[in-house]
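**Student:** Attaching a single structure in structure tokens format; questions to follow.
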Amino acid sequence: MFELPDSPELTQPVKVYFFDTDAGGVVHNVAYLRMIEAVRSDLAEHLGWQLGDMVSEKSDCPVVYRTEIDYLKPARLGDDLVIEAKLVKIERVRMTFEFRMLRRPEDEVLVKCRQVLVPMDLVSGRPRPMPPQWAEKWPELVGSR
């Protein structure tokens, strides 16, 4: 059985490449979401939700229900960034993650993002309950609904 980490969070470095930017070397708004999705996927694996299993008929797939993002300052070509990701709330059929994107070495916050995801049964298209071991491991994150 998979052992959950002590804390439901992950920090990961990201480098800004040409394909992330416009002609002026500034990161496109959608590129921030791609970077966040990559880190969120790695966090999901860190929490026991293996990527390959998410598309199987016997597993759930977390689907983005809502995204809120604040673009505070632009990232630029060649920047070394770090994305901090953490699970902040668990409800019966949804979970909330928060992300902060910082520029190194100053740790200047560039982007803040909050996402709500719903575990879905991809065959039926119906929401599924959250993994019960999450609520047992992190009871302080359990909310209502």
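Residues are named by chain letter and number: chains run A, B, ... in the order of the structure tokens, numbers start at 1 in each chain, and ligands are numbered from 1 in the order shown.
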So that I can see what lies close to Val111 (chain A), please list as a PyMOL selection string the residues with an atom at most 12 Å from it, counting only C-alpha atoms and leaving out residues fewer than 4 positions away in the same chain.
**Tutor:** chain A and resi 27+29+31-33+35-36+68-75+81-85+98-103+107
**Student:** Got time to write the residues from that selection, N, CA, C and O atoms, as a compact mmCIF listing (two decimals), in the first residue's frame?
**Tutor:**
```txt
# COMPACT_ATOMS: atom_id res chain seq x y z
N VAL A 27 6.51 35.43 -20.56
CA VAL A 27 5.73 34.19 -20.53
C VAL A 27 4.27 34.47 -20.88
O VAL A 27 3.66 35.41 -20.36
N ASN A 29 0.24 33.89 -20.81
CA ASN A 29 -0.61 33.56 -19.66
C ASN A 29 -0.96 32.08 -19.60
O ASN A 29 -1.00 31.49 -18.52
N ALA A 31 0.90 29.60 -20.54
CA ALA A 31 2.09 28.83 -20.18
C ALA A 31 2.19 28.67 -18.67
O ALA A 31 2.66 27.64 -18.18
N TYR A 32 1.75 29.67 -17.91
CA TYR A 32 1.76 29.54 -16.45
C TYR A 32 0.88 28.37 -16.03
O TYR A 32 1.24 27.58 -15.15
N LEU A 33 -0.29 28.24 -16.66
CA LEU A 33 -1.20 27.14 -16.32
C LEU A 33 -0.60 25.79 -16.69
O LEU A 33 -0.79 24.80 -15.97
N MET A 35 2.60 25.06 -16.67
CA MET A 35 3.60 24.79 -15.64
C MET A 35 2.93 24.32 -14.35
O MET A 35 3.39 23.38 -13.70
N ILE A 36 1.84 24.99 -13.98
CA ILE A 36 1.11 24.61 -12.77
C ILE A 36 0.53 23.21 -12.91
O ILE A 36 0.58 22.40 -11.98
N GLU A 68 -8.59 29.84 -10.43
CA GLU A 68 -8.44 31.27 -10.20
C GLU A 68 -6.94 31.55 -10.22
O GLU A 68 -6.17 30.84 -9.57
N ILE A 69 -6.55 32.56 -10.99
CA ILE A 69 -5.12 32.85 -11.09
C ILE A 69 -4.89 34.36 -11.07
O ILE A 69 -5.63 35.11 -11.70
N ASP A 70 -3.91 34.76 -10.31
CA ASP A 70 -3.50 36.16 -10.24
C ASP A 70 -2.10 36.26 -10.82
O ASP A 70 -1.16 35.65 -10.30
N TYR A 71 -1.98 37.04 -11.91
CA TYR A 71 -0.70 37.29 -12.55
C TYR A 71 -0.14 38.56 -11.92
O TYR A 71 -0.56 39.67 -12.26
N LEU A 72 0.79 38.43 -11.00
CA LEU A 72 1.28 39.58 -10.24
C LEU A 72 2.45 40.28 -10.94
O LEU A 72 2.51 41.51 -10.98
N LYS A 73 3.37 39.49 -11.48
CA LYS A 73 4.54 40.03 -12.20
C LYS A 73 4.91 39.05 -13.29
O LYS A 73 4.72 37.84 -13.14
N PRO A 74 5.46 39.53 -14.40
CA PRO A 74 5.78 38.62 -15.51
C PRO A 74 7.05 37.81 -15.27
O PRO A 74 8.02 38.30 -14.70
N ALA A 75 7.01 36.57 -15.73
CA ALA A 75 8.23 35.76 -15.82
C ALA A 75 8.78 35.98 -17.22
O ALA A 75 8.04 36.29 -18.16
N LEU A 81 12.44 29.50 -11.98
CA LEU A 81 11.27 29.65 -11.13
C LEU A 81 11.16 28.44 -10.21
O LEU A 81 11.79 27.41 -10.43
N VAL A 82 10.34 28.59 -9.21
CA VAL A 82 9.96 27.47 -8.37
C VAL A 82 8.45 27.58 -8.15
O VAL A 82 7.91 28.68 -8.02
N ILE A 83 7.78 26.43 -8.21
CA ILE A 83 6.35 26.41 -7.96
C ILE A 83 6.12 25.63 -6.68
O ILE A 83 6.56 24.49 -6.54
N GLU A 84 5.43 26.27 -5.75
CA GLU A 84 5.02 25.64 -4.50
C GLU A 84 3.56 25.23 -4.67
O GLU A 84 2.72 26.05 -5.03
N ALA A 85 3.29 23.96 -4.44
CA ALA A 85 1.93 23.43 -4.60
C ALA A 85 1.52 22.73 -3.32
O ALA A 85 2.34 22.02 -2.72
N GLU A 98 -3.55 25.08 -3.79
CA GLU A 98 -3.02 26.43 -3.97
C GLU A 98 -1.60 26.33 -4.49
O GLU A 98 -0.85 25.42 -4.11
N PHE A 99 -1.25 27.29 -5.35
CA PHE A 99 0.06 27.33 -5.98
C PHE A 99 0.64 28.74 -5.88
O PHE A 99 -0.10 29.72 -5.98
N ARG A 100 1.94 28.80 -5.69
CA ARG A 100 2.67 30.07 -5.78
C ARG A 100 3.86 29.83 -6.70
O ARG A 100 4.58 28.84 -6.56
N MET A 101 4.05 30.75 -7.65
CA MET A 101 5.19 30.67 -8.54
C MET A 101 6.13 31.82 -8.17
O MET A 101 5.71 32.98 -8.13
N LEU A 102 7.38 31.47 -7.88
CA LEU A 102 8.37 32.46 -7.45
C LEU A 102 9.57 32.47 -8.39
O LEU A 102 9.94 31.43 -8.92
N ARG A 103 10.17 33.64 -8.54
CA ARG A 103 11.39 33.77 -9.33
C ARG A 103 12.57 33.63 -8.38
O ARG A 103 12.62 34.25 -7.32
N ASP A 107 13.07 34.99 -4.71
CA ASP A 107 11.81 34.48 -4.18
C ASP A 107 10.67 35.48 -4.33
O ASP A 107 9.80 35.60 -3.49
```
**Student:** Report the residues of region 13-129 of chain A whose backbone DSSP state falls under strand (DSSP E), written as a CSV table (one decimal) with N, CA, C and O atoms, in the first residue's frame.
**Tutor:**
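And here's selection_1.csv as it stands now:
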```
chain,number,residue,atom,x,y,z
A,13,PRO,N,11.3,23.0,-9.1
A,13,PRO,CA,11.8,24.1,-10.0
A,13,PRO,C,11.3,24.0,-11.4
A,13,PRO,O,10.9,22.9,-11.9
A,14,VAL,N,11.2,25.2,-12.1
A,14,VAL,CA,10.8,25.3,-13.5
A,14,VAL,C,11.7,26.3,-14.1
A,14,VAL,O,11.9,27.4,-13.5
A,15,LYS,N,12.1,26.0,-15.3
A,15,LYS,CA,12.9,27.0,-16.1
A,15,LYS,C,12.0,27.5,-17.2
A,15,LYS,O,11.2,26.8,-17.8
A,60,ASP,N,-10.1,6.7,-10.6
A,60,ASP,CA,-10.7,8.1,-10.7
A,60,ASP,C,-9.6,9.0,-11.4
A,60,ASP,O,-8.5,8.7,-11.4
A,61,CYS,N,-10.1,10.0,-12.0
A,61,CYS,CA,-9.3,11.0,-12.6
A,61,CYS,C,-9.7,12.4,-12.1
A,61,CYS,O,-10.8,12.8,-12.2
A,62,PRO,N,-8.7,13.1,-11.5
A,62,PRO,CA,-9.1,14.4,-11.0
A,62,PRO,C,-9.2,15.4,-12.1
A,62,PRO,O,-8.3,15.5,-12.9
A,63,VAL,N,-10.4,16.0,-12.2
A,63,VAL,CA,-10.7,17.0,-13.3
A,63,VAL,C,-10.8,18.4,-12.7
A,63,VAL,O,-11.4,18.6,-11.7
A,64,VAL,N,-10.2,19.3,-13.4
A,64,VAL,CA,-10.3,20.7,-12.9
A,64,VAL,C,-11.7,21.2,-13.1
A,64,VAL,O,-12.3,21.2,-14.1
A,65,TYR,N,-12.2,21.7,-12.0
A,65,TYR,CA,-13.6,22.3,-11.9
A,65,TYR,C,-13.5,23.8,-11.9
A,65,TYR,O,-14.4,24.5,-12.5
A,66,ARG,N,-12.5,24.4,-11.3
A,66,ARG,CA,-12.4,25.8,-11.2
A,66,ARG,C,-10.9,26.2,-11.1
A,66,ARG,O,-10.1,25.6,-10.4
A,67,THR,N,-10.5,27.3,-11.8
A,67,THR,CA,-9.2,27.9,-11.7
A,67,THR,C,-9.3,29.4,-11.4
A,67,THR,O,-10.0,30.0,-12.2
A,68,GLU,N,-8.6,29.8,-10.4
A,68,GLU,CA,-8.4,31.3,-10.2
A,68,GLU,C,-6.9,31.5,-10.2
A,68,GLU,O,-6.2,30.8,-9.6
A,69,ILE,N,-6.6,32.6,-11.0
A,69,ILE,CA,-5.1,32.8,-11.1
A,69,ILE,C,-4.9,34.4,-11.1
A,69,ILE,O,-5.6,35.1,-11.7
A,70,ASP,N,-3.9,34.8,-10.3
A,70,ASP,CA,-3.5,36.2,-10.2
A,70,ASP,C,-2.1,36.3,-10.8
A,70,ASP,O,-1.2,35.7,-10.3
A,71,TYR,N,-2.0,37.0,-11.9
A,71,TYR,CA,-0.7,37.3,-12.5
A,71,TYR,C,-0.1,38.6,-11.9
A,71,TYR,O,-0.6,39.7,-12.3
A,80,ASP,N,14.7,31.3,-13.7
A,80,ASP,CA,14.6,30.1,-12.9
A,80,ASP,C,13.5,30.3,-11.9
A,80,ASP,O,13.5,31.3,-11.1
A,81,LEU,N,12.4,29.5,-12.0
A,81,LEU,CA,11.3,29.6,-11.1
A,81,LEU,C,11.2,28.4,-10.2
A,81,LEU,O,11.8,27.4,-10.4
A,82,VAL,N,10.3,28.6,-9.2
A,82,VAL,CA,10.0,27.5,-8.4
A,82,VAL,C,8.5,27.6,-8.2
A,82,VAL,O,7.9,28.7,-8.0
A,83,ILE,N,7.8,26.4,-8.2
A,83,ILE,CA,6.3,26.4,-8.0
A,83,ILE,C,6.1,25.6,-6.7
A,83,ILE,O,6.6,24.5,-6.5
A,84,GLU,N,5.4,26.3,-5.8
A,84,GLU,CA,5.0,25.6,-4.5
A,84,GLU,C,3.6,25.2,-4.7
A,84,GLU,O,2.7,26.0,-5.0
A,85,ALA,N,3.3,24.0,-4.4
A,85,ALA,CA,1.9,23.4,-4.6
A,85,ALA,C,1.5,22.7,-3.3
A,85,ALA,O,2.3,22.0,-2.7
A,86,LYS,N,0.3,23.0,-2.9
A,86,LYS,CA,-0.2,22.2,-1.7
A,86,LYS,C,-1.7,22.0,-1.8
A,86,LYS,O,-2.4,22.8,-2.3
A,87,LEU,N,-2.1,20.9,-1.2
A,87,LEU,CA,-3.5,20.6,-1.0
A,87,LEU,C,-3.9,21.3,0.2
A,87,LEU,O,-3.3,21.2,1.3
A,88,VAL,N,-5.0,22.1,0.1
A,88,VAL,CA,-5.4,23.0,1.2
A,88,VAL,C,-6.8,22.6,1.8
A,88,VAL,O,-7.2,23.1,2.9
A,89,LYS,N,-7.6,21.9,1.0
A,89,LYS,CA,-8.9,21.5,1.5
A,89,LYS,C,-9.4,20.3,0.8
A,89,LYS,O,-9.2,20.0,-0.4
A,90,ILE,N,-10.1,19.4,1.6
A,90,ILE,CA,-10.7,18.2,1.2
A,90,ILE,C,-12.2,18.2,1.5
A,90,ILE,O,-12.5,18.4,2.6
A,95,MET,N,-11.5,18.7,-4.1
A,95,MET,CA,-10.3,19.1,-3.4
A,95,MET,C,-9.8,20.4,-3.9
A,95,MET,O,-10.0,20.8,-5.1
A,96,THR,N,-9.1,21.2,-3.0
A,96,THR,CA,-8.6,22.5,-3.4
A,96,THR,C,-7.1,22.6,-3.3
A,96,THR,O,-6.6,22.1,-2.2
A,97,PHE,N,-6.4,23.0,-4.3
A,97,PHE,CA,-5.0,23.2,-4.3
A,97,PHE,C,-4.7,24.7,-4.4
A,97,PHE,O,-5.4,25.4,-5.1
A,98,GLU,N,-3.5,25.1,-3.8
A,98,GLU,CA,-3.0,26.4,-4.0
A,98,GLU,C,-1.6,26.3,-4.5
A,98,GLU,O,-0.9,25.4,-4.1
A,99,PHE,N,-1.2,27.3,-5.4
A,99,PHE,CA,0.1,27.3,-6.0
A,99,PHE,C,0.6,28.7,-5.9
A,99,PHE,O,-0.1,29.7,-6.0
A,100,ARG,N,1.9,28.8,-5.7
A,100,ARG,CA,2.7,30.1,-5.8
A,100,ARG,C,3.9,29.8,-6.7
A,100,ARG,O,4.6,28.8,-6.6
A,101,MET,N,4.0,30.7,-7.7
A,101,MET,CA,5.2,30.7,-8.5
A,101,MET,C,6.1,31.8,-8.2
A,101,MET,O,5.7,33.0,-8.1
A,102,LEU,N,7.4,31.5,-7.9
A,102,LEU,CA,8.4,32.5,-7.4
A,102,LEU,C,9.6,32.5,-8.4
A,102,LEU,O,9.9,31.4,-8.9
A,103,ARG,N,10.2,33.6,-8.5
A,103,ARG,CA,11.4,33.8,-9.3
A,103,ARG,C,12.6,33.6,-8.4
A,103,ARG,O,12.6,34.3,-7.3
A,108,GLU,N,10.7,36.2,-5.4
A,108,GLU,CA,9.7,37.2,-5.8
A,108,GLU,C,8.4,36.4,-6.3
A,108,GLU,O,8.5,35.6,-7.2
A,109,VAL,N,7.3,36.6,-5.7
A,109,VAL,CA,6.1,36.0,-6.1
A,109,VAL,C,5.5,36.6,-7.4
A,109,VAL,O,5.3,37.8,-7.5
A,110,LEU,N,5.4,35.7,-8.4
A,110,LEU,CA,4.9,36.2,-9.7
A,110,LEU,C,3.5,35.8,-10.0
A,110,LEU,O,2.7,36.6,-10.6
A,111,VAL,N,3.1,34.6,-9.5
A,111,VAL,CA,1.7,34.1,-9.8
A,111,VAL,C,1.2,33.4,-8.5
A,111,VAL,O,1.9,32.7,-7.9
A,112,LYS,N,-0.1,33.6,-8.3
A,112,LYS,CA,-0.8,32.8,-7.3
A,112,LYS,C,-2.0,32.2,-8.0
A,112,LYS,O,-2.6,32.8,-8.8
A,113,CYS,N,-2.2,30.9,-7.6
A,113,CYS,CA,-3.3,30.2,-8.3
A,113,CYS,C,-4.0,29.3,-7.3
A,113,CYS,O,-3.4,28.8,-6.4
A,114,ARG,N,-5.3,29.1,-7.5
A,114,ARG,CA,-6.1,28.3,-6.7
A,114,ARG,C,-7.0,27.4,-7.6
A,114,ARG,O,-7.6,28.0,-8.5
A,115,GLN,N,-6.9,26.1,-7.4
A,115,GLN,CA,-7.7,25.2,-8.3
A,115,GLN,C,-8.6,24.3,-7.4
A,115,GLN,O,-8.1,23.8,-6.4
A,116,VAL,N,-9.8,24.0,-7.9
A,116,VAL,CA,-10.7,23.1,-7.3
A,116,VAL,C,-10.8,21.9,-8.3
A,116,VAL,O,-11.0,22.2,-9.5
A,117,LEU,N,-10.6,20.7,-7.9
A,117,LEU,CA,-10.7,19.5,-8.7
A,117,LEU,C,-11.7,18.5,-8.1
A,117,LEU,O,-11.9,18.5,-6.9
A,118,VAL,N,-12.3,17.8,-9.0
A,118,VAL,CA,-13.3,16.8,-8.7
A,118,VAL,C,-12.8,15.4,-9.2
A,118,VAL,O,-12.5,15.3,-10.4
A,119,PRO,N,-12.7,14.4,-8.3
A,119,PRO,CA,-12.4,13.1,-8.9
A,119,PRO,C,-13.5,12.5,-9.7
A,119,PRO,O,-14.7,12.5,-9.1
A,120,MET,N,-13.3,12.1,-10.9
A,120,MET,CA,-14.4,11.7,-11.8
A,120,MET,C,-14.1,10.2,-12.2
A,120,MET,O,-13.0,9.8,-12.4
A,121,ASP,N,-15.2,9.5,-12.3
A,121,ASP,CA,-15.2,8.2,-12.9
A,121,ASP,C,-15.3,8.5,-14.4
A,121,ASP,O,-16.4,9.0,-14.9
A,126,ARG,N,-19.4,10.5,-13.7
A,126,ARG,CA,-19.9,10.9,-12.4
A,126,ARG,C,-18.8,11.2,-11.4
A,126,ARG,O,-17.7,10.5,-11.4
A,127,PRO,N,-19.0,12.2,-10.5
A,127,PRO,CA,-18.0,12.4,-9.5
A,127,PRO,C,-17.9,11.2,-8.5
A,127,PRO,O,-18.8,10.5,-8.3
```
**Student:** Please provide the set of residues having any atom within 10 Å of Glu91 (chain A), restricted to only C-alpha atoms, with same-chain residues fewer than 2 positions apart removed, written as a CSV table (one decimal) with all heavy atoms, in the first residue's frame.
**Tutor:**
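Saved file around.csv follows:
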```csv
chain,number,residue,atom,x,y,z
A,89,LYS,N,-7.6,21.9,1.0
A,89,LYS,CA,-8.9,21.5,1.5
A,89,LYS,C,-9.4,20.3,0.8
A,89,LYS,O,-9.2,20.0,-0.4
A,89,LYS,CB,-9.9,22.7,1.2
A,89,LYS,CG,-11.3,22.5,1.8
A,89,LYS,CD,-12.1,23.8,1.6
A,89,LYS,CE,-13.4,23.7,2.3
A,89,LYS,NZ,-14.3,24.9,2.1
A,93,VAL,N,-16.5,15.4,-2.4
A,93,VAL,CA,-16.2,15.1,-3.8
A,93,VAL,C,-15.4,16.2,-4.5
A,93,VAL,O,-15.4,16.3,-5.7
A,93,VAL,CB,-17.5,14.9,-4.7
A,93,VAL,CG1,-18.2,13.6,-4.2
A,93,VAL,CG2,-18.4,16.1,-4.7
A,94,ARG,N,-14.6,16.9,-3.8
A,94,ARG,CA,-13.7,17.8,-4.4
A,94,ARG,C,-12.5,18.2,-3.5
A,94,ARG,O,-12.6,18.0,-2.3
A,94,ARG,CB,-14.4,19.1,-5.0
A,94,ARG,CG,-15.1,19.9,-4.0
A,94,ARG,CD,-15.8,21.0,-4.7
A,94,ARG,NE,-16.5,21.9,-3.8
A,94,ARG,CZ,-17.2,22.9,-4.2
A,94,ARG,NH1,-17.3,23.2,-5.5
A,94,ARG,NH2,-17.9,23.6,-3.3
A,95,MET,N,-11.5,18.7,-4.1
A,95,MET,CA,-10.3,19.1,-3.4
A,95,MET,C,-9.8,20.4,-3.9
A,95,MET,O,-10.0,20.8,-5.1
A,95,MET,CB,-9.2,18.0,-3.6
A,95,MET,CG,-8.8,17.8,-5.0
A,95,MET,SD,-7.9,16.3,-5.3
A,95,MET,CE,-9.0,15.6,-6.5
A,96,THR,N,-9.1,21.2,-3.0
A,96,THR,CA,-8.6,22.5,-3.4
A,96,THR,C,-7.1,22.6,-3.3
A,96,THR,O,-6.6,22.1,-2.2
A,96,THR,CB,-9.3,23.6,-2.6
A,96,THR,OG1,-10.7,23.5,-2.7
A,96,THR,CG2,-8.8,25.0,-3.0
A,118,VAL,N,-12.3,17.8,-9.0
A,118,VAL,CA,-13.3,16.8,-8.7
A,118,VAL,C,-12.8,15.4,-9.2
A,118,VAL,O,-12.5,15.3,-10.4
A,118,VAL,CB,-14.6,17.1,-9.3
A,118,VAL,CG1,-15.6,16.0,-9.0
A,118,VAL,CG2,-15.1,18.4,-8.8
A,129,PRO,N,-16.2,10.0,-4.6
A,129,PRO,CA,-15.7,10.5,-3.3
A,129,PRO,C,-14.2,10.6,-3.3
A,129,PRO,O,-13.5,9.9,-4.0
A,129,PRO,CB,-16.2,9.5,-2.3
A,129,PRO,CG,-17.1,8.6,-3.0
A,129,PRO,CD,-16.9,8.7,-4.5
A,130,MET,N,-13.7,11.5,-2.4
A,130,MET,CA,-12.3,11.7,-2.2
A,130,MET,C,-11.7,10.4,-1.6
A,130,MET,O,-12.4,9.7,-0.9
A,130,MET,CB,-12.0,12.9,-1.3
A,130,MET,CG,-12.4,14.2,-2.0
A,130,MET,SD,-11.4,14.6,-3.4
A,130,MET,CE,-9.8,14.5,-2.7
A,135,ALA,N,-8.4,12.1,4.2
A,135,ALA,CA,-9.0,12.8,5.4
A,135,ALA,C,-8.5,12.2,6.7
A,135,ALA,O,-8.3,12.9,7.7
A,135,ALA,CB,-10.5,12.5,5.3
A,141,LEU,N,-7.6,19.4,7.0
A,141,LEU,CA,-8.0,19.9,5.7
A,141,LEU,C,-9.4,19.6,5.3
A,141,LEU,O,-9.9,20.1,4.3
A,141,LEU,CB,-7.0,19.3,4.6
A,141,LEU,CG,-5.6,19.6,4.7
A,141,LEU,CD1,-4.8,19.0,3.6
A,141,LEU,CD2,-5.3,21.1,4.9
A,142,VAL,N,-10.1,18.8,6.1
A,142,VAL,CA,-11.4,18.4,5.8
A,142,VAL,C,-12.4,19.6,6.0
A,142,VAL,O,-12.5,20.2,7.0
A,142,VAL,CB,-11.9,17.2,6.7
A,142,VAL,CG1,-13.3,16.8,6.4
A,142,VAL,CG2,-10.9,16.0,6.4
A,143,GLY,N,-13.2,19.8,4.9
A,143,GLY,CA,-14.2,20.9,4.9
A,143,GLY,C,-15.5,20.3,4.7
A,143,GLY,O,-15.7,19.1,4.6
A,144,SER,N,-16.5,21.2,4.6
A,144,SER,CA,-17.9,20.7,4.4
A,144,SER,C,-18.2,20.6,3.0
A,144,SER,O,-17.5,21.1,2.1
A,144,SER,CB,-18.9,21.7,5.1
A,144,SER,OG,-18.7,22.9,4.6
A,145,ARG,N,-19.4,20.0,2.7
A,145,ARG,CA,-20.0,19.8,1.3
A,145,ARG,C,-20.1,18.4,1.0
A,145,ARG,O,-19.3,17.6,0.8
A,145,ARG,CB,-19.3,20.6,0.2
A,145,ARG,CG,-19.9,22.0,0.1
A,145,ARG,CD,-19.6,22.6,-1.2
A,145,ARG,NE,-19.8,23.9,-1.1
A,145,ARG,CZ,-19.7,24.8,-2.0
A,145,ARG,NH1,-19.2,24.5,-3.1
A,145,ARG,NH2,-19.9,26.1,-1.8
```
**Student:** Residues of chain A classed as helix (DSSP H, G or I) by DSSP on the backbone are to be reported as an MDAnalysis selection string.
**Tutor:** chainID A and resid 18:20 29:46 51:55 132:137 139:141
**Student:** Go through A:Leu43, A:Leu51, A:Leu4, A:Leu77 one by one, measure the shortest atom-to-atom distance of each to His28 (chain A) using only C-alpha atoms, and give the residue with the smallest value.
**Tutor:**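 Ranked by minimum distance to His28 (chain A), first place goes to A:Leu77.
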**Student:** What does the structure give for the distance between CA of His46 (chain A) and CA of Glu9 (chain A), in Å to one decimal?
**Tutor:**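 Pair CA of His46 (chain A) / CA of Glu9 (chain A) returns 8.3 Å.
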**Student:** Tell me which protein, DNA and RNA residues are within 10 Å of Phe2 (chain A), counting only C-alpha atoms, leaving out same-chain ones fewer than 3 positions away, and put them as a list in words.
**Tutor:**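 Counting only C-alpha atoms, the residues come to Pro5, His46, Leu47, Gly48 and Trp49 of chain A.
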**Student:** If I take CA of Asp6 (chain A) and CA of Ser59 (chain A), how far is one from the other in Å, to one decimal?
**Tutor:**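 Taking CA of Asp6 (chain A) and CA of Ser59 (chain A), their separation equals 23.7 Å.
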